[in-house]
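Written out below as structure tokens is the structure these notes cover.
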Amino acid sequence: MKYLVTGAAGFIGIHVTQRLLAAGHQVIGLDSLNDYYDVNLKQARLNLVNSHPDFLFVKVDLADKDAIAALFAEHKFQRVIHLAAQAGVRYSIENPHVYAESNLMGHLNILEGCRHHKIEHLLYASSSSVYGLNRKMPFSTEDSVDHPISFYAATKKANELMTHSYSHLYGLPTTGLRFFTVYGPWGRPDMALFKFTKAILAGESIDVYNHGEMLRDFTYIDDIAEAILRLQDVIPQSNNQWTVESGSTASSSAPYQIYNIGNSHPVKLMDYIKALEDALGMEATKNMLPRQPGDVLDTSADTEALYAAIGFRPQTSVEQGVKAFVTWYRAFYGV
């Protein structure tokens with residue numbers, strides 16, 4: 001089949017693109033290659049697939065309505081995996097308009113393309129950050145997500161609402177993916193593991209927020225990619241028996257579904273750092289700091305619905321995953 005993968009030069013995007021190509025599909029990879037973080041890393045990811053005969057890269061900004069419309073008209077995609085977005089909780093507090101452009105207008109442009117070209121399945125990235133002020137663990141897709149604590153999280157909640165309206169109005173089958181703290185080789189430089197590794201190897205201290213008193217459902221990138229590849233074949237169907245009063249909040253009478261994609265085994269931040277120290281063979285100098293605005297205190301994913309749908313749930317241990325990241329980092333940066 002022919003896929004559009006947005007954010008193809010991104011962390012999750014490149015792993016999904018590689019998996020689709022290996023399975024024999026055609027992939028049009030879209031990315032704006034913006035400078036939110038190192039463009040050279042994005043280009044290096046693209047170099048993994050640029051020579052593949054079934055891959056075509058297109059540099060386009062999601063917020064460019066006409067360019068997105070033209071892309072859909074030209075390529076006649078069958079399925080869309082929409083992973084592009086302006087990421088980062090803290091950056092969203094300082095630069096909210098960037099998030100409105102990319103995450104709201106950009107998402108709308110993708111929805112319009114899918115609507116007009118009868119896409120058979122749209123999968124799109126949401127985030128565990130939508131759970132906001134929730135304290136019940138683990139987070140379930142049956143829980144309320146009406147109290148986000150960052151503008152980034154608010155845009156992801158908005159994406160889910162926008163998508164539902166398109167599924168309802170136009171019968172567009174959609175699946176939302178609430179990712180939980182993704183890490184691993186080719187990861188993002190603004191994420192904790194990348195920043196910690198860089199600092200420790202340089203002999204610098206690492207900033208540990210909330211004095212290390214946080215739990216995170218760290219989810220390894222290969223598990224994320226596996227779940228996406230399986231879910232793209234699980235196309236939501238309309239259900240006339242569903243009602244708001246008695247139905248699951250993760251589904252609808254429309255062809256619409258939401259899943260958590262997380263490891264389901266939350267790890268203390270200090271244990272995550274210990275796994276990194278063990279993998280590096282070095283001890284970190286820790287700068288203990290208060291909690292930052294916008295940070296969810298703890299995360300944990302209920303993945304029962306995901307397992308029921310695809311017979312798979314993420315399970316790579318932090319020790320395995322962090323070791324794989326360190327091996328990649330040392331090789332990529334020649335450290």
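By order in the structure tokens, chains are A, B, ...; within a chain, residues start at 1; ligands start at 1, following the order shown.
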
Residues near Phe312 (chain A), cut-off 12 Å, only C-alpha atoms, skip fewer than 2 positions along chain, as a PyMOL selection string: chain A and resi 223-231+261-263+303-310+314-316

Residues flagged helix (DSSP H, G or I) by DSSP in region 191-221 of chain A, as a list of chain:residue names: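 Matching residues, listed in order: A:Ala192, A:Leu193, A:Phe194, A:Lys195, A:Phe196, A:Thr197, A:Lys198, A:Ala199, A:Ile200, A:Leu201, A:Tyr209, A:Asn210, A:His211, A:Gly212, A:Ile221.
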
Those of region 66-130 of chain A in DSSP strand (DSSP E), formatted as a PyMOL selection string: chain A and resi 79-82+121-127

Would you write out, as a Markdown table, a table of all residues in region 79-178 of chain A that have an atom no more than 12 Å from an atom of region 27-35 of chain A, listing for each the closest atom pair and the distance in Å to one decimal, considering only C-alpha atoms and ordering rows by chain and rising residue number?
| residue | atom | partner | partner_atom | distance |
| --- | --- | --- | --- | --- |
| A:Arg79 | CA | A:Val27 | CA | 9.9 |
| A:Val80 | CA | A:Val27 | CA | 9.7 |
| A:Ile81 | CA | A:Gly29 | CA | 9.9 |
| A:His82 | CA | A:Leu30 | CA | 9.4 |
| A:Leu83 | CA | A:Leu30 | CA | 9.7 |
| A:Ala84 | CA | A:Asp31 | CA | 7.2 |
| A:Ala85 | CA | A:Asp31 | CA | 9.7 |
| A:Gln86 | CA | A:Asn34 | CA | 9.5 |
| A:Ala87 | CA | A:Asn34 | CA | 11.6 |
| A:Val98 | CA | A:Asn34 | CA | 11.4 |
| A:Ser102 | CA | A:Ser32 | CA | 10.3 |
| A:Gly106 | CA | A:Ser32 | CA | 11.3 |
| A:Ile110 | CA | A:Leu30 | CA | 11.4 |

Counting only C-alpha atoms, the option among A:Val296, A:Ala70, A:Leu62, A:Ala279 closest to Glu101 (chain A): A:Leu62

All residues 12 Å or closer to Thr17 (chain A), only C-alpha atoms, same chain fewer than 4 positions away omitted, as a count of residues only: 41

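Distances here use only C-alpha atoms; by that measure, the residue among A:Gly247, A:Pro255, A:Gly187, A:Pro173 closest to Leu123 (chain A) is A:Pro173.
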
Distance of CA of Ser252 (chain A) from CA of Gly176 (chain A), expressed in Å to one decimal place: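 Separating CA of Gly176 (chain A) from CA of Ser252 (chain A) is a distance of 12.5 Å.
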
d(CA of Met105 (chain A), CA of Tyr183 (chain A)) in Å: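 Taking CA of Met105 (chain A) as the start and CA of Tyr183 (chain A) as the end point, the length is 27.1 Å.
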
Between CA of Val130 (chain A) and CA of Lys156 (chain A) - distance in Å to one decimal: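 CA of Val130 (chain A) lies at a distance of 6.6 Å from CA of Lys156 (chain A).
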
All residues 10 Å or closer to region 138-154 of chain A, only C-alpha atoms, same chain fewer than 2 positions away omitted, as a ChimeraX atom specification: /A:85-97,99-100,103,126-136,156-159,178,217,247-251,257-260,264-266,293-296,298-305
